[in-house]
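Novice: Supplied in C-alpha cells, the structure appears directly below.
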Amino acid sequence: MKIGLVIAVVRELKAFLESDFKPEIIKHKCYEVYHFNVNGNDVYACQSGMGACESAAVTQFLISKFDCEVILNYGVTGAVDPTIKPEDLFIVANAVNHGLDTSAIDPVKKHQYCDLDDIYIPLDKGLIKLAKTIKPDLKEVNDASGDQFIVDRTHKLYLYSLGCSICDMEIAAIARIAMKNGVKCLSIKCISDAFDGDGSDFEKNVVNAGKKAFALLKEILLRL
C-alpha cells in the first residue's frame, strides 16, 4: 500500500524528523518528500505549508505522483469548545470548510459542498476504528477548517455552534481532495491553543502537541 502523510508546518514536521524512521529524500520541483517503508507499505511524507491551498496541493501531488491510496495527517489545532485543554488529543470524524458559502446561488447550507448532504466532509470510518483500537478513549470530533488562525471568541463560538470542537487551517482541504480522488483519509489532532487563548499559547504548546499527535499517528502507521 502507498500512504501519503501531509504535515502542515515545520514545528509539526519536527516530531516526524526526530522519529526512528529513516527516510530517503525525494525532491520534485518545489516539494521535498520523505520516503520510507513501514510493514511493506511505502510512505511519502511532505510538509505542505499552512492553509487550505497549500495542503490541498500537496494532497493532490501525493495522490497523483505516488498513487497514494491513503492520506494521513497529524498536527496541532485550536479549541472552539471551551472545555478543551492544551495537549488534549482527538481524531477528526468530519471536517467543515468554514470559509465556503455558495448558499446565495445554490440550494445548500452555508459551508456545504453541493455534492454533499450536509456541511460535514467525512473522514474514513475504518481508519478511525483502527485508531481507537490503539487508544480506546480517543474522542472523535468535528473540525472547523479554513484559512484563518482563529482567536476571536465570538468566532470560536460560531464554529462551536456548527457542531465543531476544534479548528485548524488544513484538514477540510485535505479531506475534500482525498474524497474527490476516492482515497481514504485520517487526521490526528492535538490542542495547541485553548478556547481563551490569544495565539501566544500556540507558540508555547505547538512542539509538545505536535509530538503527542505524531506518537499516535506512528502507532497507526505500524498497524496499517
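In the C-alpha cells, the first chain shown is A, the next is B, and so on; residue numbers restart at 1 for each chain, and ligands run from 1 in the order shown.
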Within 9 Å of Val92 (chain A), counting only C-alpha atoms, which residues show up once you throw out same-chain ones fewer than 4 positions away? Write them as a list in words, please.

Specialist: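 Near Val92 (chain A), the qualifying residues are Pro122, Leu123, Ile128, Lys139, Glu140, Val141, Asn142, Asp143, Ile171, Leu186, Ser187, Ile188 and Lys189 of chain A.
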
Novice: The selected residues should be written to file as a PDB file, in the first residue's frame (atoms: N, CA and C atoms).

Specialist:
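result.pdb was written with the following content:
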ATOM      1  N   PRO A 122     -16.811  13.802   5.577  1.00  0.00           N
ATOM      2  CA  PRO A 122     -16.443  12.688   6.457  1.00  0.00           C
ATOM      3  C   PRO A 122     -15.038  12.169   6.186  1.00  0.00           C
ATOM      4  N   LEU A 123     -14.348  11.763   7.258  1.00  0.00           N
ATOM      5  CA  LEU A 123     -13.091  11.054   7.126  1.00  0.00           C
ATOM      6  C   LEU A 123     -13.361   9.555   7.258  1.00  0.00           C
ATOM      7  N   ILE A 128     -10.565   5.394  11.471  1.00  0.00           N
ATOM      8  CA  ILE A 128     -10.931   5.869  12.808  1.00  0.00           C
ATOM      9  C   ILE A 128     -11.064   4.685  13.771  1.00  0.00           C
ATOM     10  N   LYS A 139     -11.258  10.528  21.497  1.00  0.00           N
ATOM     11  CA  LYS A 139     -12.551  11.150  21.194  1.00  0.00           C
ATOM     12  C   LYS A 139     -12.618  11.613  19.750  1.00  0.00           C
ATOM     13  N   GLU A 140     -13.732  11.279  19.080  1.00  0.00           N
ATOM     14  CA  GLU A 140     -13.990  11.757  17.717  1.00  0.00           C
ATOM     15  C   GLU A 140     -14.631  13.143  17.790  1.00  0.00           C
ATOM     16  N   VAL A 141     -14.143  14.063  16.951  1.00  0.00           N
ATOM     17  CA  VAL A 141     -14.701  15.421  16.932  1.00  0.00           C
ATOM     18  C   VAL A 141     -14.843  15.907  15.491  1.00  0.00           C
ATOM     19  N   ASN A 142     -15.647  16.941  15.333  1.00  0.00           N
ATOM     20  CA  ASN A 142     -15.725  17.667  14.075  1.00  0.00           C
ATOM     21  C   ASN A 142     -14.774  18.855  14.129  1.00  0.00           C
ATOM     22  N   ASP A 143     -14.139  19.135  13.001  1.00  0.00           N
ATOM     23  CA  ASP A 143     -13.091  20.154  12.911  1.00  0.00           C
ATOM     24  C   ASP A 143     -13.516  21.230  11.929  1.00  0.00           C
ATOM     25  N   ILE A 171      -7.380  20.581   7.380  1.00  0.00           N
ATOM     26  CA  ILE A 171      -7.958  19.249   7.192  1.00  0.00           C
ATOM     27  C   ILE A 171      -9.171  19.233   6.266  1.00  0.00           C
ATOM     28  N   LEU A 186      -7.381  10.173   7.169  1.00  0.00           N
ATOM     29  CA  LEU A 186      -7.437  10.175   8.632  1.00  0.00           C
ATOM     30  C   LEU A 186      -6.624  11.344   9.155  1.00  0.00           C
ATOM     31  N   SER A 187      -7.069  11.932  10.264  1.00  0.00           N
ATOM     32  CA  SER A 187      -6.342  13.053  10.861  1.00  0.00           C
ATOM     33  C   SER A 187      -6.357  12.958  12.382  1.00  0.00           C
ATOM     34  N   ILE A 188      -5.159  13.060  12.968  1.00  0.00           N
ATOM     35  CA  ILE A 188      -4.986  13.106  14.412  1.00  0.00           C
ATOM     36  C   ILE A 188      -4.603  14.532  14.794  1.00  0.00           C
ATOM     37  N   LYS A 189      -5.321  15.106  15.743  1.00  0.00           N
ATOM     38  CA  LYS A 189      -5.078  16.492  16.144  1.00  0.00           C
ATOM     39  C   LYS A 189      -4.865  16.593  17.653  1.00  0.00           C
TER      40      LYS A 189
END

Novice: Excluding same-chain residues fewer than 5 positions from Gly78 (chain A), what lies within 6 Å of it counting only C-alpha atoms, as number ranges by chain?

Specialist: A: 166-167, 191-193

Novice: Go ahead and write the residues just picked, N, CA and C atoms, as an mmCIF file, in the first residue's frame.

Specialist:
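Written file, again.cif:
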data_model
loop_
_atom_site.group_PDB
_atom_site.id
_atom_site.type_symbol
_atom_site.label_atom_id
_atom_site.label_comp_id
_atom_site.auth_asym_id
_atom_site.auth_seq_id
_atom_site.Cartn_x
_atom_site.Cartn_y
_atom_site.Cartn_z
ATOM 1 N N ILE A 166 -13.034 21.678 17.469
ATOM 2 C CA ILE A 166 -11.683 22.189 17.224
ATOM 3 C C ILE A 166 -11.658 22.931 15.895
ATOM 4 N N CYS A 167 -10.577 23.681 15.670
ATOM 5 C CA CYS A 167 -10.431 24.382 14.396
ATOM 6 C C CYS A 167 -8.975 24.323 13.947
ATOM 7 N N ILE A 191 -4.388 19.609 20.802
ATOM 8 C CA ILE A 191 -4.678 21.014 21.075
ATOM 9 C C ILE A 191 -3.404 21.786 21.421
ATOM 10 N N SER A 192 -3.176 22.854 20.686
ATOM 11 C CA SER A 192 -2.063 23.765 20.986
ATOM 12 C C SER A 192 -2.562 25.051 21.640
ATOM 13 N N ASP A 193 -3.770 25.481 21.291
ATOM 14 C CA ASP A 193 -4.285 26.734 21.847
ATOM 15 C C ASP A 193 -5.724 26.543 22.327
#

Novice: Wanna dump the region 38-109 of chain A-region 23-29 of chain A contacts at 12 Å for me, each residue with its shortest atom pair and the distance in Å to one decimal, counting only C-alpha atoms, ordered by chain and number, as a Markdown table?

Specialist:
| residue | atom | partner | partner_atom | distance |
| --- | --- | --- | --- | --- |
| A:Val38 | CA | A:Pro23 | CA | 10.6 |
| A:Asp42 | CA | A:Pro23 | CA | 10.4 |
| A:Val43 | CA | A:Pro23 | CA | 9.0 |
| A:Tyr44 | CA | A:Pro23 | CA | 8.9 |
| A:Ala45 | CA | A:Pro23 | CA | 9.0 |
| A:Cys46 | CA | A:Ile26 | CA | 9.8 |
| A:Val58 | CA | A:His28 | CA | 11.5 |
| A:Phe61 | CA | A:His28 | CA | 10.0 |
| A:Leu62 | CA | A:His28 | CA | 11.0 |
| A:Lys65 | CA | A:His28 | CA | 9.6 |
| A:Phe66 | CA | A:Ile26 | CA | 11.3 |

Novice: Could those residues be written to a file, using C-alpha atoms, as a PDB file, in the first residue's frame?

Specialist:
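part-v5.pdb written:
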ATOM      1  CA  VAL A  38       6.737   0.522   7.172  1.00  0.00           C
ATOM      2  CA  ASP A  42       5.567   2.863   1.100  1.00  0.00           C
ATOM      3  CA  VAL A  43       5.041   6.120   2.973  1.00  0.00           C
ATOM      4  CA  TYR A  44       5.546   9.519   1.343  1.00  0.00           C
ATOM      5  CA  ALA A  45       5.606  12.410   3.815  1.00  0.00           C
ATOM      6  CA  CYS A  46       5.545  16.027   2.704  1.00  0.00           C
ATOM      7  CA  VAL A  58       0.290  18.592  -1.516  1.00  0.00           C
ATOM      8  CA  PHE A  61       0.526  15.840  -5.507  1.00  0.00           C
ATOM      9  CA  LEU A  62       0.970  12.776  -3.266  1.00  0.00           C
ATOM     10  CA  LYS A  65       2.699  11.461  -8.240  1.00  0.00           C
ATOM     11  CA  PHE A  66       2.946   8.424  -5.946  1.00  0.00           C
TER      12      PHE A  66
END

Novice: I'd like the contact shell of Gly210 (chain A) - 10 Å cut-off, only C-alpha atoms, skipping same-chain residues fewer than 3 positions apart - returned as a list in words.

Specialist: Val9, Arg11, Glu12, Leu13, Lys14, Ala15, Phe16, Tyr74, Gly75, Val76, Thr77, Glu87, Ile188, Lys189, Cys190, Ile191, Ser192, Asn205, Val206, Val207, Ala213, Phe214 and Ala215 of chain A

Novice: Pick from A:Asn94, A:Thr133, A:Asn37, A:Thr102: nearest to Leu216 (chain A), with only C-alpha atoms counted?

Specialist: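 Checking each candidate against Leu216 (chain A), we get A:Thr133 as the closest.
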